[in-house]
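The structure under discussion appears below in the form of structure tokens.
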Amino acid sequence: MNKVTLELTKGDWVVHNNHGLGQIIGIEIKELQGDQNLFYMVKTDTLTYWLPAIESSSERIRPIADTETFAEALKVAAREPEPMEANYRHRLAYIHTQIQDSSLLVKAALIRDISARDVEKNIHINEKRILDILSQQFINEFEAACDISNENARMELRKALKESSVNLKRKKPSF
């Protein structure tokens, strides 16, 4: 994971490793512990947060991906999935570690692998929530970066995940 120093201005799009896609809607100097600091106000679909300018070069923030990166991310999502740990706690720890990487390709692989586990076995409700959040963040960024509709972005991700799960042993339906 590489640190990238971002020179941000109002209207710029950024991706936070936990909050997903957000747009800079304001820049203000605020006092924090007696010091004057520059902050970016970032608005996402679900929340608004203050990003210290000093953190704009952190590994948690990256610029929005380009079209070529999304093409590669969809290829990653369509590949055969990597098996995930059988132990729930170990699996969840792995998932949380991967989420800290802001790379779109890492997120695409994580979405693929959690989705595959859900095809083969029932995933825990926490994993389902994480999968939903990661998928929505991917779709939101895809829509903004490639100027496509939310529906088309969702369809492209679904298509890639379907391709990745072709050879998986499906779980038995529960009644």
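Residues in the structure tokens are named by chain (A, B, ... in the order shown) and by number from 1 within that chain; ligands are numbered from 1 in the order shown.
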Within 8 Å of segment 140-146 of chain A, counting only C-alpha atoms, which residues show up once you throw out same-chain ones fewer than 5 positions away? Write them as an MDAnalysis selection string, please.
chainID A and resid 15 20:21 64:67 70 153
Write out as an MDAnalysis selection string all residues of segment 28-170 of chain A that DSSP puts in strand (DSSP E or B) for this structure's backbone.
chainID A and resid 28:32 35:43 48:52 61:63
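Taking only C-alpha atoms into account, Ala108 of chain A lies nearest to A:Glu72 out of the set A:Glu72, A:Glu7, A:Glu127, A:Asp12.
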Pick out the residues sitting within 12 Å of Glu28 of chain A, and hand them over as a list of chain:residue names; count only C-alpha atoms, and ignore anything fewer than 4 positions along from it in its own chain.
A:Thr9, A:Lys10, A:Ile24, A:Gln36, A:Asn37, A:Leu38, A:Phe39, A:Tyr40, A:Met41, A:Val42, A:Trp50, A:Leu51, A:Pro52, A:Ala53
Fewer than 6 positions away in the same chain doesn't count, so skip those; otherwise give me all residues within 9 Å of His19 of chain A, counting only C-alpha atoms, as number ranges by chain.
A: 44, 46-47, 137
Could the residues in this selection be saved with all heavy atoms as a PDB file, in the first residue's frame?
```
ATOM      1  N   THR A  44     -20.272  11.728   2.233  1.00  0.00           N
ATOM      2  CA  THR A  44     -20.555  10.456   1.567  1.00  0.00           C
ATOM      3  C   THR A  44     -22.073  10.316   1.460  1.00  0.00           C
ATOM      4  O   THR A  44     -22.816  11.205   1.884  1.00  0.00           O
ATOM      5  CB  THR A  44     -19.979   9.263   2.366  1.00  0.00           C
ATOM      6  OG1 THR A  44     -20.748   9.081   3.554  1.00  0.00           O
ATOM      7  CG2 THR A  44     -18.511   9.470   2.712  1.00  0.00           C
ATOM      8  N   THR A  46     -23.851   8.434   3.256  1.00  0.00           N
ATOM      9  CA  THR A  46     -24.432   8.173   4.570  1.00  0.00           C
ATOM     10  C   THR A  46     -23.954   9.093   5.684  1.00  0.00           C
ATOM     11  O   THR A  46     -24.577   9.130   6.738  1.00  0.00           O
ATOM     12  CB  THR A  46     -24.152   6.720   5.001  1.00  0.00           C
ATOM     13  OG1 THR A  46     -22.738   6.496   4.997  1.00  0.00           O
ATOM     14  CG2 THR A  46     -24.829   5.736   4.061  1.00  0.00           C
ATOM     15  N   LEU A  47     -22.859   9.821   5.485  1.00  0.00           N
ATOM     16  CA  LEU A  47     -22.341  10.658   6.559  1.00  0.00           C
ATOM     17  C   LEU A  47     -21.444  11.756   6.026  1.00  0.00           C
ATOM     18  O   LEU A  47     -21.032  11.739   4.879  1.00  0.00           O
ATOM     19  CB  LEU A  47     -21.585   9.819   7.598  1.00  0.00           C
ATOM     20  CG  LEU A  47     -20.300   9.109   7.141  1.00  0.00           C
ATOM     21  CD1 LEU A  47     -19.090   9.877   7.609  1.00  0.00           C
ATOM     22  CD2 LEU A  47     -20.262   7.722   7.742  1.00  0.00           C
ATOM     23  N   GLN A 137     -20.016   0.411  -1.705  1.00  0.00           N
ATOM     24  CA  GLN A 137     -18.905   1.349  -1.888  1.00  0.00           C
ATOM     25  C   GLN A 137     -18.274   1.170  -3.267  1.00  0.00           C
ATOM     26  O   GLN A 137     -17.955   2.155  -3.952  1.00  0.00           O
ATOM     27  CB  GLN A 137     -17.858   1.160  -0.796  1.00  0.00           C
ATOM     28  CG  GLN A 137     -18.301   1.656   0.559  1.00  0.00           C
ATOM     29  CD  GLN A 137     -17.291   1.369   1.654  1.00  0.00           C
ATOM     30  OE1 GLN A 137     -16.313   0.650   1.452  1.00  0.00           O
ATOM     31  NE2 GLN A 137     -17.534   1.915   2.835  1.00  0.00           N
TER      32      GLN A 137
END
```
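For the atom pair formed by atom CA of Arg62 of chain A and atom CA of Arg117 of chain A, the distance is 28.3 Å, given to one decimal.
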At a cut-off of 10 Å, using only C-alpha atoms, what residues contact Leu110 of chain A? Leave out same-chain residues fewer than 5 positions from it and give the result as a ChimeraX atom specification.
/A:76-77,81-82,84,94-95,98-99,104-105,115-116,131,134-135
Take the residues from that selection and put them in a file with all heavy atoms, as a CSV table (one decimal), in the first residue's frame.
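Below you can see selection37.csv, which holds the result:
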```
chain,number,residue,atom,x,y,z
A,76,VAL,N,-10.5,-9.0,-11.5
A,76,VAL,CA,-10.2,-9.6,-10.2
A,76,VAL,C,-11.4,-10.2,-9.6
A,76,VAL,O,-11.4,-11.4,-9.1
A,76,VAL,CB,-9.6,-8.6,-9.2
A,76,VAL,CG1,-9.5,-9.1,-7.8
A,76,VAL,CG2,-8.2,-8.1,-9.7
A,77,ALA,N,-12.5,-9.5,-9.7
A,77,ALA,CA,-13.8,-10.0,-9.1
A,77,ALA,C,-14.3,-11.3,-9.9
A,77,ALA,O,-15.0,-12.1,-9.3
A,77,ALA,CB,-14.9,-8.9,-9.1
A,81,PRO,N,-12.3,-17.6,-6.9
A,81,PRO,CA,-12.1,-17.1,-5.5
A,81,PRO,C,-11.1,-17.8,-4.7
A,81,PRO,O,-10.8,-19.0,-5.0
A,81,PRO,CB,-13.5,-17.2,-4.9
A,81,PRO,CG,-14.2,-18.1,-5.7
A,81,PRO,CD,-13.6,-18.2,-7.0
A,82,GLU,N,-10.5,-17.1,-3.8
A,82,GLU,CA,-9.6,-17.7,-2.8
A,82,GLU,C,-10.4,-18.3,-1.7
A,82,GLU,O,-11.3,-17.6,-1.2
A,82,GLU,CB,-8.6,-16.7,-2.3
A,82,GLU,CG,-7.6,-16.1,-3.4
A,82,GLU,CD,-6.6,-17.2,-3.9
A,82,GLU,OE1,-6.2,-18.0,-3.1
A,82,GLU,OE2,-6.3,-17.1,-5.1
A,84,MET,N,-11.6,-19.0,2.0
A,84,MET,CA,-11.5,-18.2,3.2
A,84,MET,C,-11.4,-19.2,4.4
A,84,MET,O,-11.9,-20.3,4.3
A,84,MET,CB,-12.7,-17.3,3.4
A,84,MET,CG,-12.7,-16.2,2.3
A,84,MET,SD,-13.9,-14.9,2.6
A,84,MET,CE,-13.0,-13.9,3.7
A,94,TYR,N,-9.2,-11.5,9.3
A,94,TYR,CA,-8.7,-11.3,7.9
A,94,TYR,C,-9.5,-10.2,7.1
A,94,TYR,O,-8.9,-9.4,6.5
A,94,TYR,CB,-8.7,-12.6,7.2
A,94,TYR,CG,-8.4,-12.5,5.7
A,94,TYR,CD1,-7.0,-12.4,5.3
A,94,TYR,CD2,-9.4,-12.5,4.7
A,94,TYR,CE1,-6.7,-12.2,4.0
A,94,TYR,CE2,-9.1,-12.4,3.4
A,94,TYR,CZ,-7.7,-12.3,3.0
A,94,TYR,OH,-7.4,-12.1,1.7
A,95,ILE,N,-10.8,-10.3,7.2
A,95,ILE,CA,-11.6,-9.4,6.5
A,95,ILE,C,-11.3,-7.9,6.9
A,95,ILE,O,-11.1,-7.0,6.1
A,95,ILE,CB,-13.1,-9.7,6.6
A,95,ILE,CG1,-13.5,-11.0,5.9
A,95,ILE,CG2,-14.0,-8.5,6.2
A,95,ILE,CD1,-14.8,-11.6,6.2
A,98,GLN,N,-8.0,-6.7,5.6
A,98,GLN,CA,-8.1,-6.4,4.2
A,98,GLN,C,-8.8,-5.0,4.0
A,98,GLN,O,-8.4,-4.3,3.1
A,98,GLN,CB,-8.8,-7.5,3.4
A,98,GLN,CG,-8.0,-8.8,3.3
A,98,GLN,CD,-6.6,-8.6,2.7
A,98,GLN,OE1,-5.6,-8.4,3.3
A,98,GLN,NE2,-6.6,-8.6,1.4
A,99,ILE,N,-9.8,-4.8,4.8
A,99,ILE,CA,-10.6,-3.5,4.6
A,99,ILE,C,-9.7,-2.3,4.8
A,99,ILE,O,-9.9,-1.3,4.3
A,99,ILE,CB,-11.8,-3.5,5.6
A,99,ILE,CG1,-12.9,-4.5,5.1
A,99,ILE,CG2,-12.4,-2.1,5.8
A,99,ILE,CD1,-14.0,-4.7,6.0
A,104,LEU,N,-8.5,-0.6,-4.6
A,104,LEU,CA,-9.7,-1.1,-5.2
A,104,LEU,C,-9.6,-2.5,-5.6
A,104,LEU,O,-10.5,-3.3,-5.5
A,104,LEU,CB,-10.0,-0.2,-6.5
A,104,LEU,CG,-11.3,-0.6,-7.2
A,104,LEU,CD1,-12.5,-0.3,-6.3
A,104,LEU,CD2,-11.4,0.2,-8.5
A,105,LEU,N,-8.4,-3.0,-6.0
A,105,LEU,CA,-8.2,-4.4,-6.4
A,105,LEU,C,-8.3,-5.3,-5.2
A,105,LEU,O,-8.9,-6.4,-5.3
A,105,LEU,CB,-6.9,-4.5,-7.1
A,105,LEU,CG,-6.7,-3.7,-8.4
A,105,LEU,CD1,-5.3,-3.9,-9.0
A,105,LEU,CD2,-7.8,-3.9,-9.4
A,115,SER,N,-18.3,-13.3,-1.2
A,115,SER,CA,-19.5,-13.7,-2.1
A,115,SER,C,-19.4,-15.2,-2.3
A,115,SER,O,-20.4,-15.9,-2.3
A,115,SER,CB,-19.5,-12.9,-3.4
A,115,SER,OG,-19.8,-11.6,-3.2
A,116,ALA,N,-18.2,-15.7,-2.7
A,116,ALA,CA,-18.0,-17.1,-2.9
A,116,ALA,C,-18.4,-17.9,-1.7
A,116,ALA,O,-19.0,-19.0,-1.8
A,116,ALA,CB,-16.6,-17.3,-3.4
A,131,LEU,N,-20.1,-7.4,3.5
A,131,LEU,CA,-20.2,-7.6,2.0
A,131,LEU,C,-21.1,-6.6,1.4
A,131,LEU,O,-20.8,-6.0,0.3
A,131,LEU,CB,-20.7,-9.0,1.7
A,131,LEU,CG,-21.0,-9.4,0.2
A,131,LEU,CD1,-19.7,-9.2,-0.6
A,131,LEU,CD2,-21.5,-10.8,0.1
A,134,LEU,N,-19.2,-3.2,1.4
A,134,LEU,CA,-18.1,-3.1,0.4
A,134,LEU,C,-18.7,-3.1,-1.0
A,134,LEU,O,-18.1,-2.3,-1.9
A,134,LEU,CB,-17.2,-4.4,0.6
A,134,LEU,CG,-16.3,-4.4,1.8
A,134,LEU,CD1,-15.6,-5.8,1.9
A,134,LEU,CD2,-15.3,-3.3,1.8
A,135,SER,N,-19.7,-3.9,-1.3
A,135,SER,CA,-20.3,-3.9,-2.6
A,135,SER,C,-20.9,-2.5,-3.0
A,135,SER,O,-20.7,-2.0,-4.1
A,135,SER,CB,-21.4,-4.9,-2.7
A,135,SER,OG,-20.8,-6.2,-2.5
```
Among the residues A:Lys43, A:Lys75, A:Lys121, A:His16, the one that comes closest to Glu163 of chain A [using only C-alpha atoms]:
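The answer is A:Lys75, which sits nearest to Glu163 of chain A.
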Straight-line distance linking atom CA of Glu80 of chain A with atom CA of Ser164 of chain A, stated in Å to one decimal
5.0 Å
